[in-house]
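See below for query35.cif, which holds mmCIF, C-alpha atoms.
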data_coords
#
loop_
_atom_site.group_PDB
_atom_site.id
_atom_site.type_symbol
_atom_site.label_atom_id
_atom_site.label_comp_id
_atom_site.auth_asym_id
_atom_site.auth_seq_id
_atom_site.Cartn_x
_atom_site.Cartn_y
_atom_site.Cartn_z
ATOM 1 C CA MET A 1 0.000 0.000 0.000
ATOM 2 C CA ALA A 2 1.242 3.463 -0.838
ATOM 3 C CA ARG A 3 2.337 5.537 2.069
ATOM 4 C CA SER A 4 0.589 8.852 2.374
ATOM 5 C CA ALA A 5 1.104 11.857 4.594
ATOM 6 C CA LYS A 6 -2.670 12.345 4.539
ATOM 7 C CA ALA A 7 -3.041 9.986 7.483
ATOM 8 C CA VAL A 8 -1.763 12.605 9.931
ATOM 9 C CA PRO A 9 -4.263 15.433 9.243
ATOM 10 C CA TRP A 10 -6.995 12.846 8.831
ATOM 11 C CA PHE A 11 -6.315 11.397 12.274
ATOM 12 C CA LEU A 12 -6.287 14.883 13.817
ATOM 13 C CA PHE A 13 -9.504 15.719 11.946
ATOM 14 C CA ALA A 14 -11.292 12.601 13.161
ATOM 15 C CA ALA A 15 -10.032 12.806 16.745
ATOM 16 C CA GLY A 16 -10.856 16.504 16.869
ATOM 17 C CA GLY A 17 -14.290 15.969 15.354
ATOM 18 C CA THR A 18 -15.081 13.344 17.965
ATOM 19 C CA ILE A 19 -13.873 15.251 21.007
ATOM 20 C CA THR A 20 -15.516 18.517 19.889
ATOM 21 C CA ALA A 21 -18.810 16.711 19.213
ATOM 22 C CA PHE A 22 -18.869 15.567 22.850
ATOM 23 C CA VAL A 23 -17.620 18.609 24.744
ATOM 24 C CA LEU A 24 -18.129 21.831 22.756
ATOM 25 C CA PRO A 25 -21.884 22.392 23.223
ATOM 26 C CA VAL A 26 -21.709 22.101 27.007
ATOM 27 C CA MET A 27 -18.376 23.944 27.209
ATOM 28 C CA LEU A 28 -19.706 26.905 25.240
ATOM 29 C CA PHE A 29 -22.751 26.934 27.487
ATOM 30 C CA VAL A 30 -20.586 27.093 30.607
ATOM 31 C CA THR A 31 -17.990 29.590 29.332
ATOM 32 C CA ASN A 32 -20.156 31.996 27.306
ATOM 33 C CA ILE A 33 -23.918 31.509 27.075
ATOM 34 C CA GLY A 34 -24.495 30.763 30.776
ATOM 35 C CA PRO A 35 -22.426 33.710 32.092
ATOM 36 C CA ALA A 36 -24.216 36.068 29.673
ATOM 37 C CA LEU A 37 -27.481 34.906 31.259
ATOM 38 C CA GLY A 38 -26.143 35.318 34.789
ATOM 39 C CA LEU A 39 -25.185 31.675 35.401
ATOM 40 C CA PHE A 40 -21.885 30.068 36.525
ATOM 41 C CA HIS A 41 -20.737 33.209 38.269
ATOM 42 C CA ASP A 42 -18.557 31.296 40.749
ATOM 43 C CA ALA A 43 -17.286 28.705 38.276
ATOM 44 C CA MET A 44 -16.089 31.386 35.856
ATOM 45 C CA SER A 45 -14.510 33.577 38.535
ATOM 46 C CA TYR A 46 -10.781 34.275 38.434
ATOM 47 C CA GLU A 47 -10.134 32.441 41.721
ATOM 48 C CA THR A 48 -11.997 29.253 40.763
ATOM 49 C CA LEU A 49 -10.525 29.071 37.278
ATOM 50 C CA SER A 50 -6.937 29.732 38.293
ATOM 51 C CA SER A 51 -7.056 27.060 40.997
ATOM 52 C CA PHE A 52 -8.839 24.679 38.602
ATOM 53 C CA LEU A 53 -6.127 25.268 36.009
ATOM 54 C CA SER A 54 -3.359 24.586 38.509
ATOM 55 C CA TRP A 55 -4.117 20.882 38.039
ATOM 56 C CA TRP A 56 -2.012 19.296 35.323
ATOM 57 C CA ILE A 57 -4.799 16.969 34.295
ATOM 58 C CA VAL A 58 -7.038 19.978 33.586
ATOM 59 C CA LYS A 59 -4.324 21.687 31.548
ATOM 60 C CA LEU A 60 -3.767 18.487 29.601
ATOM 61 C CA ALA A 61 -7.488 18.055 28.915
ATOM 62 C CA LEU A 62 -7.808 21.663 27.739
ATOM 63 C CA LEU A 63 -4.710 21.290 25.587
ATOM 64 C CA GLY A 64 -6.206 18.178 23.989
ATOM 65 C CA ILE A 65 -9.561 19.829 23.306
ATOM 66 C CA ILE A 66 -8.125 23.083 21.911
ATOM 67 C CA VAL A 67 -5.363 21.552 19.793
ATOM 68 C CA LEU A 68 -7.535 18.794 18.322
ATOM 69 C CA GLY A 69 -10.350 21.307 17.771
ATOM 70 C CA LEU A 70 -7.964 23.602 15.898
ATOM 71 C CA TRP A 71 -6.670 20.841 13.619
ATOM 72 C CA HIS A 72 -10.157 19.474 13.033
ATOM 73 C CA SER A 73 -11.295 22.944 12.033
ATOM 74 C CA ALA A 74 -8.270 23.602 9.807
ATOM 75 C CA HIS A 75 -8.612 20.308 7.952
ATOM 76 C CA ARG A 76 -12.347 20.687 7.390
ATOM 77 C CA LEU A 77 -12.040 24.334 6.328
ATOM 78 C CA ARG A 78 -9.473 23.218 3.763
ATOM 79 C CA SER A 79 -12.068 21.038 2.062
ATOM 80 C CA CYS A 80 -14.623 23.819 2.573
ATOM 81 C CA ALA A 81 -12.395 26.186 0.605
ATOM 82 C CA HIS A 82 -12.473 23.695 -2.267
ATOM 83 C CA ASP A 83 -16.273 23.454 -1.983
ATOM 84 C CA PHE A 84 -16.555 27.232 -2.240
ATOM 85 C CA GLY A 85 -14.601 27.207 -5.472
ATOM 86 C CA ILE A 86 -11.111 28.032 -4.213
ATOM 87 C CA ARG A 87 -8.784 25.756 -6.119
ATOM 88 C CA ALA A 88 -5.441 26.922 -4.698
ATOM 89 C CA ASP A 89 -5.316 23.968 -2.311
ATOM 90 C CA ALA A 90 -1.597 24.133 -1.547
ATOM 91 C CA GLY A 91 -1.836 27.762 -0.443
ATOM 92 C CA VAL A 92 -5.017 27.125 1.536
ATOM 93 C CA ALA A 93 -3.367 24.182 3.278
ATOM 94 C CA VAL A 94 -0.302 26.252 4.212
ATOM 95 C CA VAL A 95 -2.442 29.066 5.648
ATOM 96 C CA LEU A 96 -4.880 26.842 7.587
ATOM 97 C CA TYR A 97 -2.342 24.357 8.933
ATOM 98 C CA GLY A 98 -0.052 27.312 9.670
ATOM 99 C CA LEU A 99 -2.773 28.950 11.759
ATOM 100 C CA ALA A 100 -3.423 25.640 13.538
ATOM 101 C CA THR A 101 0.299 25.356 14.304
ATOM 102 C CA ILE A 102 0.405 28.904 15.714
ATOM 103 C CA GLY A 103 -2.696 28.162 17.796
ATOM 104 C CA THR A 104 -1.142 24.934 19.079
ATOM 105 C CA LEU A 105 2.063 26.713 20.150
ATOM 106 C CA ALA A 106 0.092 29.583 21.729
ATOM 107 C CA THR A 107 -1.996 27.116 23.735
ATOM 108 C CA ILE A 108 1.106 25.330 25.033
ATOM 109 C CA VAL A 109 2.782 28.629 25.957
ATOM 110 C CA VAL A 110 -0.239 30.068 27.751
ATOM 111 C CA LEU A 111 -1.033 26.853 29.641
ATOM 112 C CA LEU A 112 2.561 26.703 30.867
ATOM 113 C CA SER A 113 2.310 30.323 32.037
ATOM 114 C CA ILE A 114 -0.814 29.793 34.180
ATOM 115 C CA MET B 1 -18.206 13.471 -48.289
ATOM 116 C CA SER B 2 -16.437 15.626 -45.885
ATOM 117 C CA GLU B 3 -18.532 17.139 -43.231
ATOM 118 C CA THR B 4 -17.002 19.196 -40.519
ATOM 119 C CA THR B 5 -18.909 18.875 -37.341
ATOM 120 C CA VAL B 6 -18.243 21.086 -34.445
ATOM 121 C CA ARG B 7 -18.814 19.214 -31.257
ATOM 122 C CA LYS B 8 -20.872 21.169 -28.875
ATOM 123 C CA PRO B 9 -21.140 19.018 -25.794
ATOM 124 C CA TYR B 10 -23.737 19.959 -23.271
ATOM 125 C CA MET B 11 -22.145 21.601 -20.279
ATOM 126 C CA ARG B 12 -24.394 21.858 -17.321
ATOM 127 C CA LYS B 13 -24.117 25.291 -15.814
ATOM 128 C CA MET B 14 -23.004 25.059 -12.243
ATOM 129 C CA SER B 15 -21.936 27.789 -9.911
ATOM 130 C CA LYS B 16 -18.521 27.245 -8.387
ATOM 131 C CA THR B 17 -19.446 29.006 -5.182
ATOM 132 C CA CYS B 18 -23.148 28.280 -4.639
ATOM 133 C CA TRP B 19 -23.595 24.825 -6.212
ATOM 134 C CA PHE B 20 -24.762 23.343 -2.904
ATOM 135 C CA MET B 21 -27.854 25.557 -2.866
ATOM 136 C CA THR B 22 -29.433 23.354 -5.552
ATOM 137 C CA HIS B 23 -30.193 20.330 -3.405
ATOM 138 C CA ALA B 24 -31.278 19.783 0.196
ATOM 139 C CA ARG B 25 -28.617 17.079 0.706
ATOM 140 C CA PHE B 26 -25.857 19.427 -0.446
ATOM 141 C CA LYS B 27 -27.198 22.161 1.807
ATOM 142 C CA SER B 28 -27.082 19.945 4.859
ATOM 143 C CA TYR B 29 -23.581 18.784 3.859
ATOM 144 C CA MET B 30 -22.405 22.389 3.655
ATOM 145 C CA LEU B 31 -24.111 23.223 6.944
ATOM 146 C CA HIS B 32 -22.067 20.664 8.853
ATOM 147 C CA GLU B 33 -18.880 21.440 6.948
ATOM 148 C CA VAL B 34 -19.189 25.144 7.773
ATOM 149 C CA SER B 35 -19.499 24.256 11.475
ATOM 150 C CA ALA B 36 -15.694 23.933 11.377
ATOM 151 C CA LEU B 37 -15.436 27.716 11.038
ATOM 152 C CA PHE B 38 -17.234 28.150 14.363
ATOM 153 C CA VAL B 39 -15.177 25.417 16.010
ATOM 154 C CA GLY B 40 -12.101 27.370 14.935
ATOM 155 C CA ILE B 41 -13.517 30.668 16.240
ATOM 156 C CA TYR B 42 -14.373 29.125 19.611
ATOM 157 C CA MET B 43 -10.893 27.616 19.939
ATOM 158 C CA CYS B 44 -9.490 31.131 19.392
ATOM 159 C CA VAL B 45 -11.903 32.471 22.039
ATOM 160 C CA LEU B 46 -10.649 29.836 24.491
ATOM 161 C CA ILE B 47 -6.990 30.638 23.756
ATOM 162 C CA GLY B 48 -7.716 34.364 24.151
ATOM 163 C CA GLY B 49 -9.438 33.691 27.451
ATOM 164 C CA LEU B 50 -6.474 31.676 28.737
ATOM 165 C CA PHE B 51 -4.127 34.563 27.879
ATOM 166 C CA ARG B 52 -6.347 37.007 29.741
ATOM 167 C CA LEU B 53 -6.578 34.645 32.710
ATOM 168 C CA ALA B 54 -2.782 34.432 32.812
ATOM 169 C CA GLN B 55 -2.620 38.258 32.964
ATOM 170 C CA GLY B 56 -4.441 38.415 36.292
ATOM 171 C CA PRO B 57 -7.817 39.177 37.886
ATOM 172 C CA GLU B 58 -8.368 42.575 36.265
ATOM 173 C CA ALA B 59 -7.667 41.359 32.729
ATOM 174 C CA TRP B 60 -9.948 38.389 33.397
ATOM 175 C CA ALA B 61 -12.789 40.625 34.603
ATOM 176 C CA ASN B 62 -12.485 42.691 31.414
ATOM 177 C CA TRP B 63 -12.503 39.533 29.324
ATOM 178 C CA MET B 64 -15.640 38.229 31.033
ATOM 179 C CA SER B 65 -17.464 41.520 30.541
ATOM 180 C CA THR B 66 -16.676 41.271 26.816
ATOM 181 C CA MET B 67 -17.801 37.638 26.785
ATOM 182 C CA THR B 68 -21.123 38.498 28.409
ATOM 183 C CA SER B 69 -21.875 41.431 26.096
ATOM 184 C CA TRP B 70 -24.829 41.310 23.703
ATOM 185 C CA PRO B 71 -22.848 40.893 20.457
ATOM 186 C CA MET B 72 -20.855 38.070 22.026
ATOM 187 C CA LEU B 73 -24.018 36.369 23.274
ATOM 188 C CA ILE B 74 -25.452 36.464 19.766
ATOM 189 C CA LEU B 75 -22.227 35.012 18.333
ATOM 190 C CA SER B 76 -22.267 32.354 21.067
ATOM 191 C CA LEU B 77 -25.827 31.345 20.227
ATOM 192 C CA ILE B 78 -24.895 31.029 16.536
ATOM 193 C CA MET B 79 -21.846 28.968 17.515
ATOM 194 C CA PHE B 80 -24.014 26.801 19.779
ATOM 195 C CA ALA B 81 -26.405 26.062 16.901
ATOM 196 C CA PHE B 82 -23.489 25.022 14.688
ATOM 197 C CA PHE B 83 -21.989 22.866 17.462
ATOM 198 C CA ILE B 84 -25.291 21.012 17.707
ATOM 199 C CA VAL B 85 -25.249 20.551 13.913
ATOM 200 C CA HIS B 86 -21.692 19.245 14.204
ATOM 201 C CA THR B 87 -22.501 16.831 17.040
ATOM 202 C CA VAL B 88 -25.641 15.426 15.384
ATOM 203 C CA SER B 89 -24.008 15.012 11.954
ATOM 204 C CA TRP B 90 -20.833 13.531 13.481
ATOM 205 C CA PHE B 91 -22.780 10.932 15.473
ATOM 206 C CA GLN B 92 -24.873 10.167 12.386
ATOM 207 C CA ALA B 93 -21.703 9.284 10.459
ATOM 208 C CA VAL B 94 -20.167 7.086 13.158
ATOM 209 C CA PRO B 95 -21.815 3.776 12.122
ATOM 210 C CA GLN B 96 -20.391 4.266 8.618
ATOM 211 C CA ALA B 97 -16.889 4.799 9.937
ATOM 212 C CA MET B 98 -17.035 2.267 12.767
ATOM 213 C CA ARG B 99 -18.545 -1.130 12.016
ATOM 214 C CA ILE B 100 -18.703 -3.302 15.094
ATOM 215 C CA GLN B 101 -19.123 -6.990 14.494
ATOM 216 C CA GLN B 102 -20.656 -9.222 17.108
ATOM 217 C CA GLY B 103 -20.604 -12.876 16.164
ATOM 218 C CA GLU B 104 -22.012 -13.092 12.652
ATOM 219 C CA HIS B 105 -23.842 -9.786 12.726
ATOM 220 C CA PHE B 106 -22.948 -6.160 12.824
ATOM 221 C CA VAL B 107 -24.141 -4.079 15.732
ATOM 222 C CA PRO B 108 -27.009 -1.952 14.340
ATOM 223 C CA GLY B 109 -26.091 1.660 13.576
ATOM 224 C CA LYS B 110 -28.918 2.999 15.705
ATOM 225 C CA LEU B 111 -27.444 1.313 18.774
ATOM 226 C CA ILE B 112 -24.008 2.861 18.140
ATOM 227 C CA ILE B 113 -25.535 6.308 17.612
ATOM 228 C CA GLY B 114 -27.681 5.877 20.719
ATOM 229 C CA ALA B 115 -24.631 4.966 22.787
ATOM 230 C CA HIS B 116 -22.970 8.168 21.584
ATOM 231 C CA TYR B 117 -25.921 10.263 22.751
ATOM 232 C CA VAL B 118 -25.806 8.557 26.150
ATOM 233 C CA ALA B 119 -22.093 9.367 26.378
ATOM 234 C CA LEU B 120 -22.815 12.953 25.292
ATOM 235 C CA GLY B 121 -25.333 13.215 28.139
ATOM 236 C CA VAL B 122 -22.858 11.819 30.670
ATOM 237 C CA VAL B 123 -20.030 14.130 29.525
ATOM 238 C CA SER B 124 -22.330 17.179 29.507
ATOM 239 C CA LEU B 125 -23.676 16.365 32.964
ATOM 240 C CA PHE B 126 -20.144 15.855 34.287
ATOM 241 C CA ILE B 127 -19.007 19.249 32.995
ATOM 242 C CA LEU B 128 -22.162 20.947 34.302
ATOM 243 C CA ILE B 129 -21.579 19.434 37.758
ATOM 244 C CA LEU B 130 -17.956 20.607 37.614
ATOM 245 C CA ALA B 131 -19.270 24.093 36.813
ATOM 246 C CA GLY B 132 -21.477 23.990 39.866
ATOM 247 C CA VAL B 133 -24.917 22.965 38.637
ATOM 248 C CA ALA B 134 -26.800 20.508 40.889
#

Would you mind writing the structure in this file as structure tokens?
Amino acid sequence: MARSAKAVPWFLFAAGGTITAFVLPVMLFVTNIGPALGLFHDAMSYETLSSFLSWWIVKLALLGIIVLGLWHSAHRLRSCAHDFGIRADAGVAVVLYGLATIGTLATIVVLLSI
Amino acid sequence: MSETTVRKPYMRKMSKTCWFMTHARFKSYMLHEVSALFVGIYMCVLIGGLFRLAQGPEAWANWMSTMTSWPMLILSLIMFAFFIVHTVSWFQAVPQAMRIQQGEHFVPGKLIIGAHYVALGVVSLFILILAGVA
């Protein structure tokens, strides 16, 4: 069987699609929609969040969700660009995977700084 | 007899950018594909929030007042709708990607999808309890 580099983005796409399908609706509700409606005041306070994020397991989970979400999004948007009639796939891939790489590094840096 | 014929094959006119608007199936395909844009936006929101959290209590308070503003709530509700589209369409596709054989038969797709919804409920409940509900 021919070896292909496609397996890597595909794995990230599938893993990211799965994890985001399970956690994003409830996460968005807790981080954004709820607080806008006056909910989760304590959970989203600076004190609670900074002590919550002092656990390595929490940092690792967040890292997994954000990084896989980014790569899932980048890979799917690449095929979206094709669907919207943009045929410069190589350029699109460089831009989207580049953004995902920057996002990945930023997440690592910021999690280490908390 | 020499007859020159100019071939004029029929070319169906199709828009490069809006082709999916012609069929309900294509529309629903595009709907779940476009959800990736909102996944990407939310990941950026989370990263931004982490940076603000790292900057201290004041920066975090400013961030949260932006997050709870009206424009942000509207964006969040749009994102939420697309996340639901993503979750439902992703679960729908699982039986096609994951065939589980039990003895001589395959586990029915509905059962696999159902199990995913149960897991979604458990995960959501767990996160809600972590956030202080119930």

Range 23-38 of chain A: which residues within 9 Å, counting only C-alpha atoms, same-chain residues fewer than 4 positions away excluded, as a ChimeraX atom specification? /A:18-19,43-44,65 /B:39,42,46,64-65,67-70,72-74,76-77,79-81,83-84,87,120,123-125,127-128,131

Can you measure CA of Thr20 in chain A to CA of Ala36 in chain B for me? One decimal in Å is fine.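 Between CA of Thr20 in chain A and CA of Ala36 in chain B the gap is 10.1 Å.
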
Proximal residues of chain A relative to chain B (all atoms listed in the file; 6 Å) as a PDB file with C-alpha atoms, in the coordinates of the input:
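Output file iface.pdb is given in full below:
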ATOM      1  CA  ALA A  21     -18.810  16.711  19.213  1.00  0.00           C
ATOM      2  CA  PHE A  22     -18.869  15.567  22.850  1.00  0.00           C
ATOM      3  CA  PRO A  25     -21.884  22.392  23.223  1.00  0.00           C
ATOM      4  CA  VAL A  26     -21.709  22.101  27.007  1.00  0.00           C
ATOM      5  CA  ALA A  36     -24.216  36.068  29.673  1.00  0.00           C
ATOM      6  CA  ALA A  43     -17.286  28.705  38.276  1.00  0.00           C
ATOM      7  CA  TYR A  46     -10.781  34.275  38.434  1.00  0.00           C
ATOM      8  CA  ILE A  66      -8.125  23.083  21.911  1.00  0.00           C
ATOM      9  CA  LEU A  70      -7.964  23.602  15.898  1.00  0.00           C
ATOM     10  CA  SER A  73     -11.295  22.944  12.033  1.00  0.00           C
ATOM     11  CA  PHE A  84     -16.555  27.232  -2.240  1.00  0.00           C
ATOM     12  CA  GLY A  85     -14.601  27.207  -5.472  1.00  0.00           C
ATOM     13  CA  VAL A 110      -0.239  30.068  27.751  1.00  0.00           C
ATOM     14  CA  ILE A 114      -0.814  29.793  34.180  1.00  0.00           C
TER      15      ILE A 114
END

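Computed from the coordinates, the CA of Ile78 in chain B to CA of Thr107 in chain A distance equals 24.3 Å.
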
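When CA of Val94 in chain A is paired with CA of Ala81 in chain A, their separation reads 12.6 Å.
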
Evaluate the PyMOL selection byres ((chain B and resi 95-103) around 12) against this structure - the residues, as a VMD selection string, please. (chain A and resid 14 18) or (chain B and resid 89 to 94 104 to 116)

Step by step, work through what the PyMOL selection byres ((chain A and resi 75) around 9) selects in the shown file, and finish by giving those residues as number ranges by chain. A: 9-10, 12-13, 70-74, 76-80, 93, 96-97; B: 36

Pull range 68-97 of chain B out of the block and emit C-alpha atoms, as a PDB file, in the first residue's frame.
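The result, written out as out22.pdb:
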ATOM      1  CA  THR B  68     -21.123  38.498  28.409  1.00  0.00           C
ATOM      2  CA  SER B  69     -21.875  41.431  26.096  1.00  0.00           C
ATOM      3  CA  TRP B  70     -24.829  41.310  23.703  1.00  0.00           C
ATOM      4  CA  PRO B  71     -22.848  40.893  20.457  1.00  0.00           C
ATOM      5  CA  MET B  72     -20.855  38.070  22.026  1.00  0.00           C
ATOM      6  CA  LEU B  73     -24.018  36.369  23.274  1.00  0.00           C
ATOM      7  CA  ILE B  74     -25.452  36.464  19.766  1.00  0.00           C
ATOM      8  CA  LEU B  75     -22.227  35.012  18.333  1.00  0.00           C
ATOM      9  CA  SER B  76     -22.267  32.354  21.067  1.00  0.00           C
ATOM     10  CA  LEU B  77     -25.827  31.345  20.227  1.00  0.00           C
ATOM     11  CA  ILE B  78     -24.895  31.029  16.536  1.00  0.00           C
ATOM     12  CA  MET B  79     -21.846  28.968  17.515  1.00  0.00           C
ATOM     13  CA  PHE B  80     -24.014  26.801  19.779  1.00  0.00           C
ATOM     14  CA  ALA B  81     -26.405  26.062  16.901  1.00  0.00           C
ATOM     15  CA  PHE B  82     -23.489  25.022  14.688  1.00  0.00           C
ATOM     16  CA  PHE B  83     -21.989  22.866  17.462  1.00  0.00           C
ATOM     17  CA  ILE B  84     -25.291  21.012  17.707  1.00  0.00           C
ATOM     18  CA  VAL B  85     -25.249  20.551  13.913  1.00  0.00           C
ATOM     19  CA  HIS B  86     -21.692  19.245  14.204  1.00  0.00           C
ATOM     20  CA  THR B  87     -22.501  16.831  17.040  1.00  0.00           C
ATOM     21  CA  VAL B  88     -25.641  15.426  15.384  1.00  0.00           C
ATOM     22  CA  SER B  89     -24.008  15.012  11.954  1.00  0.00           C
ATOM     23  CA  TRP B  90     -20.833  13.531  13.481  1.00  0.00           C
ATOM     24  CA  PHE B  91     -22.780  10.932  15.473  1.00  0.00           C
ATOM     25  CA  GLN B  92     -24.873  10.167  12.386  1.00  0.00           C
ATOM     26  CA  ALA B  93     -21.703   9.284  10.459  1.00  0.00           C
ATOM     27  CA  VAL B  94     -20.167   7.086  13.158  1.00  0.00           C
ATOM     28  CA  PRO B  95     -21.815   3.776  12.122  1.00  0.00           C
ATOM     29  CA  GLN B  96     -20.391   4.266   8.618  1.00  0.00           C
ATOM     30  CA  ALA B  97     -16.889   4.799   9.937  1.00  0.00           C
TER      31      ALA B  97
END
